[in-house]
Amino acid sequence: MTQNELTYILAIAEYGTISKAAKELFISQPSLCQTLSKVETEFGEELFNRTSTGLVPTLFGRRYLKTAREILDCYLELMFQLDEVQKIYCGSITFGIPINLGSCLLPHVMPNFIEKYPNVTLRIRENNASELDKLLLTGKTDFSIMHYEKPNEAIYYEQLTHDPFYLVIPSSATHKYGFQEHQTITGAILQSLHKENFIMVSDRQYLRDAADLIFQKANFEPHIRLTTKSMGTAKRLVAKGCGITLLPSSYLQLFSDADGLTYYPLDDSLEASLELVVAYRKSSAISLCSREFINLLKEMIKTPQ
C-alpha cells in the first residue's frame, strides 16, 4: 500500500463518490477508479458497496479505512520526527485562514517567511471557522489561524493576541461626532448614532455575528446602509466618508493600515473583543516548518508594522 492509495481511498469514503473525491484530490476520475480497483483486487474484497446515492463502505472497507487512517498518522508522525532530527527547513505547509483575516495578515507575514525559508512550499485554504475546523480534523490542513469561536474538543487553541473591537469613523468627519481623543464608546454613545449609516460585513460571517452581539448588549439597532463580504471594502468605504463601522484591532492596527480612519475603543461592558488563535489537532504533532511559521507570526504580532 502506498501513501497515495491510502489517501485516495480515505477521500472516496469522505466524499461518497468518485467524482467528488477526484475533484478534491486534483486527479482524474479514471485514475481514482483504477486505484480503487487495484486495491480491491489485491485484497480480494470490495471496500465499498455501490448504491444509487454513492459509495458506502463495506464491513471490510470500514476496517481498511480505520487502519489506513492509523497508518497515515504514523507516517506523518515519522516524517515530523525525521524533520526535527535533521533540522531541514524544507517541505510544505498547508494552513487555513478566513479570507478577510488573511487579506490583512498574510501580506505582512509571508514576505519575511518566504525570504527566511525559500524552500518551503505554502498552500492556503481560505474558509469560515467551521469549515476550517473540518479541514483541520480531516488532515487537509496543518493548522488554522482564526478568531476563537466554537471550541472543538479535538482541537487545541493557542492564543496569539487579544483582539478588541473599535468604533471606526472617517478621519475627515471627526468634528461631526465631537469625540475626545481615545474616548471610550459606551452603549449610550452607540445609541446616539441611530441616524448614522453603518457599513457592515455580510450576515453569517463570524465578525458580523460578533458585531451584532455588541449592538445587542448596547440595546442598539444600527441603520445598516450597506453590507459587503470584504472587511477591506468596508474599511475603504468608511475612509471615503460613506458611513461608520465596528472593526477588530487586527483589521486596523495589527496587520493593516488605517489611513483615513479614526477609531475609538468600546467600553468593557459591551464585551467587545475576540481572541486571535492558532488551532492544531490534539492528536497530531505539528511540523517544524509549521512551528517556524507560527513563531514568525508571533514575532510579527509583538511588533506590528
# chains A, B, ... in the order shown; residues from 1 in each chain; ligands from 1
$ residues_around --residues "segment 56-68 of chain A" --least-positions-apart "2" --cutoff "6 Å" --atoms "only C-alpha atoms" --output "number ranges by chain"
A: 6, 47-49, 70-71
$ write_last_selection --atoms "N, CA and C atoms" --output "CSV table (one decimal), in the first residue's frame"
chain,number,residue,atom,x,y,z
A,6,LEU,N,-3.7,5.0,0.2
A,6,LEU,CA,-4.4,5.2,1.4
A,6,LEU,C,-5.1,6.6,1.4
A,47,LEU,N,-14.2,-2.7,-1.1
A,47,LEU,CA,-14.2,-1.8,0.0
A,47,LEU,C,-15.5,-1.0,0.2
A,48,PHE,N,-16.2,-0.9,-0.9
A,48,PHE,CA,-17.4,-0.1,-0.9
A,48,PHE,C,-18.6,-0.8,-1.6
A,49,ASN,N,-19.8,-0.6,-1.1
A,49,ASN,CA,-21.0,-1.0,-1.8
A,49,ASN,C,-21.4,0.1,-2.7
A,70,GLU,N,-4.8,5.2,10.6
A,70,GLU,CA,-3.8,5.0,11.6
A,70,GLU,C,-2.4,5.0,11.0
A,71,ILE,N,-2.3,4.3,9.8
A,71,ILE,CA,-1.0,4.2,9.1
A,71,ILE,C,-0.6,5.6,8.6
$ residues_around --residues "Thr174 of chain A" --least-positions-apart "6" --cutoff "12 Å" --atoms "only C-alpha atoms" --output "list in words"
Val168, Gln180, Glu181, Ala239, Gly241, Ile244, Gly260, Leu261, Thr262, Tyr263 and Tyr264 of chain A
$ write_last_selection --atoms "C-alpha atoms" --output "CSV table (one decimal), in the first residue's frame"
chain,number,residue,atom,x,y,z
A,168,VAL,CA,-14.4,53.4,13.2
A,180,GLN,CA,-12.4,63.2,22.6
A,181,GLU,CA,-9.1,61.5,21.6
A,239,ALA,CA,-12.4,56.1,4.9
A,241,GLY,CA,-16.9,59.0,4.2
A,244,ILE,CA,-19.1,54.1,10.0
A,260,GLY,CA,-8.3,57.9,6.5
A,261,LEU,CA,-9.8,56.2,9.6
A,262,THR,CA,-10.2,57.3,13.2
A,263,TYR,CA,-11.2,54.7,15.8
A,264,TYR,CA,-12.3,54.5,19.4
$ closest_residue --among "A:Glu158, A:Gln29, A:Phe80, A:Lys23" --to "Ile294 of chain A" --atoms "only C-alpha atoms"
A:Glu158
$ select_by_dssp --residues "segment 63-240 of chain A" --states "strand (DSSP E)" --output "ChimeraX atom specification"
/A:91-97,120-126,143-147,155-170,197-201,223-228
$ residues_around --residues "segment 112-116 of chain A" --least-positions-apart "3" --cutoff "12 Å" --atoms "only C-alpha atoms" --output "PDB file with C-alpha atoms, in the first residue's frame"
ATOM      1  CA  TYR A  89      13.665  23.776   6.829  1.00  0.00           C
ATOM      2  CA  CYS A  90      12.031  22.491   3.714  1.00  0.00           C
ATOM      3  CA  SER A  92       5.322  22.181   2.660  1.00  0.00           C
ATOM      4  CA  ILE A  93       2.744  23.865   4.878  1.00  0.00           C
ATOM      5  CA  LEU A 106      -0.658  37.441   5.241  1.00  0.00           C
ATOM      6  CA  PRO A 107       0.876  40.321   3.242  1.00  0.00           C
ATOM      7  CA  HIS A 108       2.834  41.238   6.390  1.00  0.00           C
ATOM      8  CA  VAL A 109       3.915  37.705   7.366  1.00  0.00           C
ATOM      9  CA  ASN A 119      12.488  26.003   0.179  1.00  0.00           C
ATOM     10  CA  VAL A 120       9.153  25.729   1.983  1.00  0.00           C
ATOM     11  CA  THR A 121       6.033  25.470  -0.187  1.00  0.00           C
ATOM     12  CA  LEU A 122       2.904  27.108   1.225  1.00  0.00           C
ATOM     13  CA  CYS A 289       8.051  24.160   9.134  1.00  0.00           C
ATOM     14  CA  SER A 290       4.670  24.959  10.644  1.00  0.00           C
ATOM     15  CA  ARG A 291       6.177  25.847  14.015  1.00  0.00           C
ATOM     16  CA  GLU A 292       8.623  28.222  12.369  1.00  0.00           C
ATOM     17  CA  PHE A 293       5.786  29.956  10.511  1.00  0.00           C
ATOM     18  CA  ILE A 294       3.783  30.331  13.732  1.00  0.00           C
ATOM     19  CA  ASN A 295       6.828  31.611  15.645  1.00  0.00           C
ATOM     20  CA  LEU A 296       7.392  34.233  12.978  1.00  0.00           C
ATOM     21  CA  LEU A 297       3.716  35.183  13.177  1.00  0.00           C
ATOM     22  CA  GLU A 299       7.009  37.911  16.490  1.00  0.00           C
ATOM     23  CA  MET A 300       5.084  39.947  13.943  1.00  0.00           C
TER      24      MET A 300
END
$ residues_around --residues "Leu266 of chain A" --least-positions-apart "5" --cutoff "6 Å" --atoms "only C-alpha atoms" --output "VMD selection string"
chain A and resid 166 184 to 185
